2 protein chains.
Amino acid sequence: MGIEIKIALNEGLYLKDPQDSVLGRNIIKHSIILLSDLGFEAFNFKKLAQEMNSTEASIYRYFENKHLLLLYLVSWYWEWVAYLIRINTTNIDDPKRKLEIIINSFVSASVDNPTTDYVDESKLHSVIIAEGIKAYHTKEVDNENGKGFFKNYKQLINNVAGVIMEINPTFEYPYALASNLFEMSNNHIYFAKHLPRLTDIQVSENKYSEVEKMLNYFASKLLDYEI
Amino acid sequence: MGIEIKIALNEGLYLKDPQDSVLGRNIIKHSIILLSDLGFEAFNFKKLAQEMNSTEASIYRYFENKHLLLLYLVSWYWEWVAYLIRINTTNIDDPKRKLEIIINSFVSASVDNPTTDYVDESKLHSVIIAEGIKAYHTKEVDNENGKGFFKNYKQLINNVAGVIMEINPTFEYPYALASNLFEMSNNHIYFAKHLPRLTDIQVSENKYSEVEKMLNYFASKLLDYEI
DNA sequence: TTATTTATAATAGTTTTACTATCATTTTAA
DNA sequence: TTAAAATGATAGTAAAACTATTATAAATAA
C-alpha cells in the first residue's frame, strides 16, 4: 500500500526494530503522544503500556529503557529533517537558497509526512523542542557516541556545514553555526512558548515564521550576504 | 571573618535557606561535587546524604526534591554571573567593551570566587554546562515561571540585552542574541568535550578562549562592529 | 543557669519506578 | 500443521523518592 519508508537508525538504539512490527510501530506512535503530554520525567513504560493496551514487559522487549526510546525518537527526527532537506534542495544550486530551505526544514519540521502513518511529525517536533536535548546531555554521552548513536545528528550538521562553506568558504565556524541554527530553532520556539523574556520572537499555534526570519537574518549577517 | 556574600534567591526554591546553616551549606557544596561526578539522573538524596555523612531526611528538610536543588544551583549560577558582570563592567563606558566582558564572564565563570568557600564555582560551571538546561526544560516550567523561579535568568538576559541595544539600537533581536550567547557558550563547551563534530572550537582543561573568540566574532558580526 | 525551642540524626516505613522472570497464548512462517 | 517467534498476563525484585516518628544534640531565651 503506497511507498513505505524505512528509516535507517543505529541498531544499538533498540533491542528489536520497532519499525518491523505493529506493536513496535505502536510503541513509537504512542510514546510520541505520551511524551508530548507528560514530558520525559513523568513518562514511563507502565503508563505507555496502559495507553496502548499492551504490557510493560512487551515494551521492554523493544527498548532497554526510556532514555534509549527518547534517543531513538530524536535520531528519527534528525534523520527525517535530513530527508526533508534532501528532497527540498534537489536541483537547487544556489547555496544561499539551500540554507534558506534548511532553516525552513528546522522550524517547519512539523509538517506531516504522508509516508509514515505511525509518526505524527508535528507532535514529534514538539517533543524534540521540549525534550530533545536530554537525549544527549547525559553521563553516557561519550560511551553512546562511541557506539555511533549520534551519527544522524553529526551527519545532518555536516551537511548543513557543507552548504555554509559553499556560501562563504572563509567563514571560520561552519559546524558551530550549523548546530547553533538547529539548537537555536528549537530553543527559541521553547522560549517563546514558556520563557518569552528570553527571546524577541513570538510563535502562535505552530506558526514559526518569526523564528525562521530570525535564523535567516543571523545566517546572512554572519556569512555576509543579503537575504 | 571577611566579607560574607549572601545570594538572594527565590524563597520558593527551598524549604529552608541552605545559606543559613552549616548543614545547608554542606548540601550545596556536596551536591555540586556529586552532580559533577554522577550527572543529574544518577544523583539522588540518599547518595548525597552518604557523601556528606548526613541523612536523607535532613536533606529533604532543605529541598523538596532534586529538581529544585538543581534549579537552586542554576539560579545561584545565574546570579553569580550577573555579579561577575556587574563588578567587571563598573566604570566601563564603551558598550562593546562591556559585551566583551559579558562574554568573558559567560565562558570563564569557572574562576573561583573567594567570597563563598562552600561553592566551587569551577565545578558549578561544569554542572551548569552538562545539566543546567534540565532545570528549565520540564513540564513544570510554566508553573515555576509563574512563581518567579527564573527571574535571575531573565534579569541576567535583560541586562545583556541592554548592552546589546546600547551597541546597536536598531538590532532586532537583543534578547535572543543575549540568551543565545549564554546558551551557545555552555553548549559549545559541551560539544567540544563530548560531540566535537558539532562545533569548530576546541577546549582543553577549562581553557575556553576559542569559545570566547567565537562568541565575540558572532556578536560583532551581528551587531556590525569591529572587534 | 536551666528551660525551651529548634535542628539534626537514626530508623523505619510507603509508594512509585525501573526493571526481570516465567509461563500461557496467539500469530507467523516453513 | 507444526515449530518457532511474538505477545500477553502475572508476579516479583531492587532502587528511588519520598514521609513519619522518635531520640538526641545544639542554640537561644528567660
# chains A, B, ... in the order shown; residues from 1 in each chain; ligands from 1
>>> residues_around(residues="stretch 58-70 of chain B", least_positions_apart="6", cutoff="9 Å", atoms="only C-alpha atoms (C1' of nucleotides)", output="MDAnalysis selection string")
(chainID B and resid 13:18 23:24 27:28 31 35 40 43:46 48:49 131:132 134:135) or (chainID C and resid 8:9) or (chainID D and resid 17:18)
>>> write_last_selection(atoms="N, CA and C atoms (P, O5', C5', C4', C3', O3' and C1' of nucleotides)", output="compact mmCIF listing (two decimals), in the first residue's frame")
# COMPACT_ATOMS: atom_id res chain seq x y z
N LEU B 13 12.34 28.17 46.10
CA LEU B 13 13.26 27.14 45.64
C LEU B 13 13.63 26.15 46.73
N TYR B 14 13.53 26.59 47.98
CA TYR B 14 13.95 25.75 49.09
C TYR B 14 12.91 25.77 50.20
N LEU B 15 12.98 24.81 51.09
CA LEU B 15 12.10 24.77 52.25
C LEU B 15 12.71 25.54 53.40
N LYS B 16 14.03 25.49 53.46
CA LYS B 16 14.79 26.20 54.50
C LYS B 16 16.06 26.71 53.82
N ASP B 17 16.41 27.95 54.07
CA ASP B 17 17.53 28.55 53.33
C ASP B 17 18.86 27.86 53.63
N PRO B 18 19.43 27.18 52.65
CA PRO B 18 20.67 26.43 52.88
C PRO B 18 21.86 27.34 53.20
N LEU B 23 24.87 22.77 57.82
CA LEU B 23 24.33 21.64 57.06
C LEU B 23 23.87 22.08 55.68
N GLY B 24 23.16 23.20 55.63
CA GLY B 24 22.67 23.72 54.35
C GLY B 24 23.81 24.00 53.38
N ILE B 27 25.14 20.87 52.03
CA ILE B 27 24.30 20.30 50.98
C ILE B 27 24.68 20.91 49.64
N ILE B 28 24.82 22.23 49.61
CA ILE B 28 25.21 22.92 48.38
C ILE B 28 26.57 22.42 47.90
N SER B 31 26.47 18.70 46.83
CA SER B 31 25.61 18.42 45.67
C SER B 31 26.32 18.82 44.38
N LEU B 35 26.85 16.00 41.71
CA LEU B 35 26.23 16.20 40.40
C LEU B 35 27.29 16.18 39.31
N PHE B 40 22.90 14.36 36.66
CA PHE B 40 21.63 14.57 37.34
C PHE B 40 20.81 13.29 37.50
N PHE B 43 22.18 11.01 40.24
CA PHE B 43 22.27 11.71 41.53
C PHE B 43 20.97 11.56 42.32
N ASN B 44 21.09 11.30 43.61
CA ASN B 44 19.89 11.33 44.46
C ASN B 44 20.25 11.70 45.90
N PHE B 45 19.23 11.94 46.70
CA PHE B 45 19.46 12.45 48.06
C PHE B 45 20.08 11.41 48.99
N LYS B 46 19.84 10.16 48.69
CA LYS B 46 20.44 9.11 49.50
C LYS B 46 21.96 9.12 49.34
N LEU B 48 23.72 11.60 48.23
CA LEU B 48 24.21 12.88 48.74
C LEU B 48 24.39 12.81 50.25
N ALA B 49 23.42 12.20 50.93
CA ALA B 49 23.49 12.06 52.39
C ALA B 49 24.71 11.23 52.79
N GLU B 131 24.25 19.98 32.91
CA GLU B 131 22.90 19.71 33.43
C GLU B 131 21.98 20.92 33.46
N GLY B 132 22.54 22.11 33.32
CA GLY B 132 21.79 23.34 33.52
C GLY B 132 20.45 23.40 32.80
N LYS B 134 18.43 21.24 32.00
CA LYS B 134 17.37 20.38 32.56
C LYS B 134 16.54 21.10 33.60
N ALA B 135 17.09 22.17 34.15
CA ALA B 135 16.37 22.91 35.18
C ALA B 135 15.19 23.68 34.61
P DT C 8 20.03 21.96 60.73
O5' DT C 8 20.24 20.49 61.26
C5' DT C 8 21.36 20.20 62.07
C4' DT C 8 21.27 18.78 62.57
C3' DT C 8 21.34 17.69 61.49
O3' DT C 8 22.55 17.00 61.68
C1' DT C 8 19.71 17.19 63.15
P DA C 9 22.94 15.74 60.80
O5' DA C 9 22.41 14.54 61.71
C5' DA C 9 22.91 14.41 63.03
C4' DA C 9 22.43 13.10 63.62
C3' DA C 9 22.59 11.89 62.70
O3' DA C 9 23.12 10.85 63.52
C1' DA C 9 20.33 12.09 63.39
P DA D 17 15.17 9.46 42.32
O5' DA D 17 13.87 9.62 43.23
C5' DA D 17 12.59 9.38 42.69
C4' DA D 17 11.55 9.64 43.76
C3' DA D 17 11.79 10.93 44.57
O3' DA D 17 10.53 11.55 44.80
C1' DA D 17 11.59 9.12 46.01
P DC D 18 10.44 13.08 45.19
O5' DC D 18 11.09 13.09 46.66
C5' DC D 18 10.30 13.47 47.78
C4' DC D 18 9.45 12.30 48.29
C3' DC D 18 8.86 12.55 49.66
O3' DC D 18 7.54 13.05 49.54
C1' DC D 18 9.68 10.30 49.41
>>> closest_atom_pairs(of="chain B", to="chain A", cutoff="8 Å", atoms="only C-alpha atoms", output="tab-separated table")
residue	atom	partner	partner_atom	distance
B:Leu38	CA	A:Lys139	CA	7.1
B:Gly39	CA	A:Lys139	CA	5.8
B:Phe40	CA	A:Thr138	CA	7.9
B:Glu41	CA	A:Thr138	CA	7.7
B:Ala130	CA	A:His137	CA	6.2
B:Glu131	CA	A:His137	CA	6.9
B:Lys134	CA	A:Lys134	CA	7.3
B:His137	CA	A:Ala130	CA	6.1
B:Thr138	CA	A:Gly39	CA	6.7
B:Lys139	CA	A:Gly39	CA	5.8
B:Val141	CA	A:His194	CA	6.8
B:Asp142	CA	A:His194	CA	6.0
B:Asn145	CA	A:Leu195	CA	7.5
B:Lys154	CA	A:Leu198	CA	6.3
B:Ile157	CA	A:Leu198	CA	6.6
B:Asn158	CA	A:Arg197	CA	7.9
B:Glu172	CA	A:Asp200	CA	7.8
B:Tyr173	CA	A:Asp200	CA	5.6
B:Pro174	CA	A:Asp200	CA	7.2
B:Tyr175	CA	A:Thr199	CA	4.8
B:Ala176	CA	A:Thr199	CA	4.2
B:Leu177	CA	A:Thr199	CA	7.9
B:Ala178	CA	A:Leu198	CA	7.9
B:Ser179	CA	A:Leu198	CA	6.0
B:Asn180	CA	A:Met184	CA	7.2
B:Met184	CA	A:Asn180	CA	7.2
B:His188	CA	A:Ala176	CA	7.6
B:His194	CA	A:Asp142	CA	6.0
B:Leu195	CA	A:Asn145	CA	7.5
B:Arg197	CA	A:Lys154	CA	6.3
B:Leu198	CA	A:Tyr175	CA	5.6
B:Thr199	CA	A:Ala176	CA	4.2
B:Asp200	CA	A:Tyr173	CA	5.6
B:Ile201	CA	A:Ala176	CA	7.9
B:Met214	CA	A:Tyr173	CA	7.7
B:Phe218	CA	A:Leu222	CA	6.8
B:Lys221	CA	A:Leu222	CA	5.8
B:Leu222	CA	A:Lys221	CA	5.8
>>> atom_distance(atom1="atom CA of B:Glu205", atom2="atom CA of B:His125")
13.1 Å
>>> closest_residue(among="A:Ala57, A:Ile128, A:Met52, A:Leu181", to="chain C", atoms="only C-alpha atoms (C1' of nucleotides)")
A:Ala57
>>> select_by_dssp(residues="stretch 30-93 of chain A", states="helix (DSSP H, G or I)", output="PyMOL selection string")
chain A and resi 30-42+45-51+56-60+66-89
